Amino acid sequence: MQALPGFRDFLPQNCAARNYIFTCWREISQRYGFVEWDGPILEPTELYKKKSGAEIVDQLFNFADKGEREVAMRPELTPTLARVIAAHEREFKKPLKWFSIGRFFRHEKQQRGRLREHFQLNCDIVGESALAADIEVLALCIDLLRAFGFTEKDVVIRISDREFWTDFLRRKSVPPDRWDELLQIIDKSGRESPENTRAKLGELADPMFAILSNGGKSEKLEKLVHGLRDRGLADFVVVDVGVVRGLAYYTGIVFEVFDRARKLRAVAGGGRYDNLIAQLSDGAVSMPALGFAMGDVVLGELIRDHKGARERMQQAIAAEHKIDIYIVIAKEERRPDALAHVQQIRDRGYRVDYPLAAEKVAKQFQTAEQLGARFAILFGDEWPQVAIKDLTHAEQQLVAHGDLFTRIDSLLR
């Protein structure tokens with residue numbers, strides 16, 4: 001039996017890499033004052049159809065449950081966030097700064113950087129319309145990238161504003177019911193031939209191509225970049241009005257993160273979606289909101305491709321896997337005494353391992369070094385004394401077993 005296409009087995013080394021990513025996500029999000037939350041893996045299929053239209057069903061793992069309810073494994077978190085906020089917003093002071101690390105599923109063709117299941121960080125600010133919230137979200141995204149060892153030479157955040165384009169379409173007297181269609185054409189223009197894009201845009205092709213070629217002026221985007229410059233982060237961003245993001249629920253600032261070499265898919269993306277909560281709650285609750293998501297699959301590819309980021313991850317994993325103490329049982333008759341101390345040392349919060357079966361002393365010391373132990377404690381002929389060996393400096397001392405815990409504390413704390 002093999003894993004299903006697009007799904008992963010997480011062997012110990014894979015779990016270590018995944019947990020390293022989770023730790024960075026969690027630590028940086030909390031540094032910005034975001035608090036963690038989560039939602040269910042299963043949601044009513046209707047929730048996603050209400051947000052994205054009936055065509056979303058082709059991308060879902062959906063089925064009828066035993067209660068004959070149409071449900072789907074979540075492909076994203078924003079609809080769940082909107083549902084939860086609509087139900088509980090009175091319980092929290094605004095604005096809300098929430099993050100979540102969860103597993104998501106999409107029934108799509110797998111390729112490099114995209115699988116059918118992945119883990120994803122979601123960070124959202126709800127209840128704040130000021131541009132300061134957009135700057136804060138972008139700063140958080142940049143600091144997350146920096147935490148993995150990437151610099152402005154490695155990654156870039158392309159920022160845009162959908163209102164720039166809706167203002168343009170309004171000036172051109174384009175009916176609002178065509179805006180989403182045209183915005184999606186602009187969003188795909190970098191991935192299609194100019195001839196196809198021009199044919200789809202019709203009489204709007206020349207002015208739109210002129211904007212895409214020469215850039216567009218936006219006072220809001222200039223303020224956004226200035227706010228990041230005040231924090232020393234502006235070198236990570238460029239204004240690119242060609243970034244629209246195809247999802248219709250975005251209403252303002254949008255952005256996407258790419259590696260500078262453009263070898264991979266977008267590492268992260270997001271923007272402002274001020275109308276979504278009202279849409280999904282049928283108008284019961286209306287609150288401005290914005291956020292972004294960063295997936296582990298593309299991020300993992302980027303880390304592995306980048307020497308500095310890869311080495312940083314490897315060092316963090318090695319440090320995480322090290323144990324504090326390895327118990328060497330030189331005489332099997334001392335095993336009961338050794339195990340009694342193992343338990344008590346673990347109770348004090350230290351990482352401790354020992355041989356489960358009788359082994360030669362040299363093999364035990366070899367295992368201690370492989371596990372990265374800082375100290376080995378030898379139970380043998382010296383009893384009722386034990387030998388504590390510093391495996392870094394190859395220094396050894398004898399300690400009465402009654403003083404062992406005090407000595408360990410002095411060495412490790």
# chains A, B, ... in the order shown; residues from 1 in each chain; ligands from 1
>>> select_by_dssp(residues="range 270-347 of chain A", states="strand (DSSP E)", output="short mmCIF file (atom, residue, chain, number, x, y, z; two decimals) with C-alpha atoms, in the first residue's frame")
data_model
loop_
_atom_site.label_atom_id
_atom_site.label_comp_id
_atom_site.auth_asym_id
_atom_site.auth_seq_id
_atom_site.Cartn_x
_atom_site.Cartn_y
_atom_site.Cartn_z
CA GLY A 270 -3.31 37.75 0.78
CA GLY A 271 -5.00 41.09 1.04
CA ARG A 272 -8.00 43.00 2.32
CA ALA A 289 -10.77 42.36 7.51
CA LEU A 290 -7.46 41.48 5.91
CA GLY A 291 -4.92 38.70 6.10
CA PHE A 292 -2.63 36.30 4.31
CA ALA A 293 -1.73 32.63 4.11
CA MET A 294 1.67 30.93 3.82
CA GLY A 295 1.83 27.23 2.94
CA ILE A 325 21.88 13.34 29.63
CA TYR A 326 22.60 9.79 28.57
CA ILE A 327 22.66 7.18 31.33
CA VAL A 328 25.48 4.66 30.83
CA ILE A 329 24.84 1.37 32.64
#
>>> residues_around(residues="Ala400 in chain A", least_positions_apart="2", cutoff="7 Å", atoms="only C-alpha atoms", output="list in words")
Pro384, Gln385, Val386, Leu398, Gly402, Asp403 and Leu404 of chain A
>>> select_by_dssp(residues="range 122-260 of chain A", states="alpha helix (DSSP H)", output="PyMOL selection string")
chain A and resi 131-147+162-171+179-188+194-201+205-214+219-230
>>> closest_residue(among="A:Pro175, A:Ile323, A:Ile142, A:Arg351", to="Leu391 in chain A", atoms="only C-alpha atoms")
A:Ile323
>>> residues_around(residues="range 54-56 of chain A", least_positions_apart="4", cutoff="10 Å", atoms="only C-alpha atoms", output="PyMOL selection string")
chain A and resi 45-46+48-50+60+75+106
>>> atom_distance(atom1="CA of Ala266 in chain A", atom2="CA of Leu280 in chain A")
26.9 Å
>>> residues_around(residues="Thr367 in chain A", least_positions_apart="6", cutoff="10 Å", atoms="only C-alpha atoms", output="list in words")
Tyr326, Val328, Asp353, Tyr354, Pro355, Val361 and Ala373 of chain A
>>> write_last_selection(atoms="N, CA, C and O atoms", output="mmCIF file, in the first residue's frame")
data_model
loop_
_atom_site.group_PDB
_atom_site.id
_atom_site.type_symbol
_atom_site.label_atom_id
_atom_site.label_comp_id
_atom_site.auth_asym_id
_atom_site.auth_seq_id
_atom_site.Cartn_x
_atom_site.Cartn_y
_atom_site.Cartn_z
ATOM 1 N N TYR A 326 22.713 11.200 28.909
ATOM 2 C CA TYR A 326 22.596 9.790 28.566
ATOM 3 C C TYR A 326 23.106 8.979 29.753
ATOM 4 O O TYR A 326 24.207 9.228 30.263
ATOM 5 N N VAL A 328 24.660 5.806 31.221
ATOM 6 C CA VAL A 328 25.478 4.660 30.826
ATOM 7 C C VAL A 328 25.431 3.627 31.954
ATOM 8 O O VAL A 328 25.785 3.925 33.097
ATOM 9 N N ASP A 353 18.028 9.763 28.094
ATOM 10 C CA ASP A 353 17.847 8.474 27.428
ATOM 11 C C ASP A 353 18.840 7.482 28.030
ATOM 12 O O ASP A 353 19.773 7.874 28.749
ATOM 13 N N TYR A 354 18.622 6.205 27.737
ATOM 14 C CA TYR A 354 19.474 5.151 28.295
ATOM 15 C C TYR A 354 19.315 3.906 27.432
ATOM 16 O O TYR A 354 18.364 3.798 26.650
ATOM 17 N N PRO A 355 20.205 2.913 27.564
ATOM 18 C CA PRO A 355 20.087 1.689 26.765
ATOM 19 C C PRO A 355 18.977 0.778 27.298
ATOM 20 O O PRO A 355 18.920 0.500 28.498
ATOM 21 N N VAL A 361 29.984 -0.713 27.176
ATOM 22 C CA VAL A 361 30.091 0.693 27.592
ATOM 23 C C VAL A 361 30.493 1.574 26.417
ATOM 24 O O VAL A 361 29.952 2.679 26.246
ATOM 25 N N ALA A 373 24.077 14.230 23.407
ATOM 26 C CA ALA A 373 23.979 14.435 24.860
ATOM 27 C C ALA A 373 25.111 15.337 25.343
ATOM 28 O O ALA A 373 26.256 15.225 24.887
#
>>> residues_around(residues="His226 in chain A", least_positions_apart="6", cutoff="12 Å", atoms="only C-alpha atoms", output="VMD selection string")
chain A and resid 131 to 132 135 219 to 220 232 to 235 237 to 239
>>> residues_around(residues="range 334-342 of chain A", least_positions_apart="5", cutoff="7 Å", atoms="only C-alpha atoms", output="list in words")
Ile329, Val352, Phe379 and Gly380 of chain A
>>> atom_distance(atom1="CA of Arg158 in chain A", atom2="CA of Met208 in chain A")
18.3 Å
>>> atom_distance(atom1="CA of Ala278 in chain A", atom2="CA of Ala87 in chain A")
11.7 Å
>>> residues_around(residues="Tyr350 in chain A", least_positions_apart="4", cutoff="7 Å", atoms="only C-alpha atoms", output="NGL selection string")
:A and (324 or 345-346)
>>> closest_atom_pairs(of="range 103-185 of chain A", to="range 200-206 of chain A", cutoff="9 Å", atoms="only C-alpha atoms", output="Markdown table")
| residue | atom | partner | partner_atom | distance |
| --- | --- | --- | --- | --- |
| A:Lys172 | CA | A:Leu204 | CA | 8.5 |
| A:Leu182 | CA | A:Leu201 | CA | 7.1 |
| A:Ile185 | CA | A:Lys200 | CA | 7.3 |
>>> decode(residues="range 365-376 of chain A", atoms="N, CA, C and O atoms", output="compact mmCIF listing (two decimals), in the first residue's frame")
# COMPACT_ATOMS: atom_id res chain seq x y z
N PHE A 365 28.50 4.97 25.01
CA PHE A 365 29.06 6.31 24.84
C PHE A 365 28.93 6.78 23.39
O PHE A 365 28.68 7.95 23.12
N GLN A 366 29.04 5.85 22.47
CA GLN A 366 28.85 6.19 21.06
C GLN A 366 27.42 6.67 20.81
O GLN A 366 27.18 7.66 20.12
N THR A 367 26.47 5.97 21.42
CA THR A 367 25.06 6.36 21.28
C THR A 367 24.83 7.74 21.90
O THR A 367 24.10 8.58 21.35
N ALA A 368 25.44 7.98 23.06
CA ALA A 368 25.30 9.28 23.73
C ALA A 368 25.77 10.41 22.82
O ALA A 368 25.12 11.47 22.71
N GLU A 369 26.89 10.21 22.15
CA GLU A 369 27.40 11.24 21.25
C GLU A 369 26.50 11.42 20.03
O GLU A 369 26.26 12.54 19.57
N GLN A 370 25.97 10.32 19.50
CA GLN A 370 25.06 10.41 18.35
C GLN A 370 23.79 11.17 18.70
O GLN A 370 23.22 11.87 17.85
N LEU A 371 23.34 11.06 19.94
CA LEU A 371 22.13 11.75 20.39
C LEU A 371 22.41 13.19 20.79
O LEU A 371 21.48 13.93 21.15
N GLY A 372 23.68 13.60 20.75
CA GLY A 372 24.03 14.97 21.09
C GLY A 372 23.94 15.26 22.57
O GLY A 372 23.77 16.43 22.96
N ALA A 373 24.08 14.23 23.41
CA ALA A 373 23.98 14.44 24.86
C ALA A 373 25.11 15.34 25.34
O ALA A 373 26.26 15.22 24.89
N ARG A 374 24.79 16.21 26.28
CA ARG A 374 25.82 17.07 26.87
C ARG A 374 26.61 16.34 27.94
O ARG A 374 27.81 16.56 28.10
N PHE A 375 25.91 15.46 28.67
CA PHE A 375 26.57 14.74 29.75
C PHE A 375 26.17 13.27 29.70
O PHE A 375 25.06 12.92 29.27
N ALA A 376 27.09 12.42 30.14
CA ALA A 376 26.79 11.01 30.38
C ALA A 376 26.96 10.76 31.88
O ALA A 376 27.90 11.29 32.50
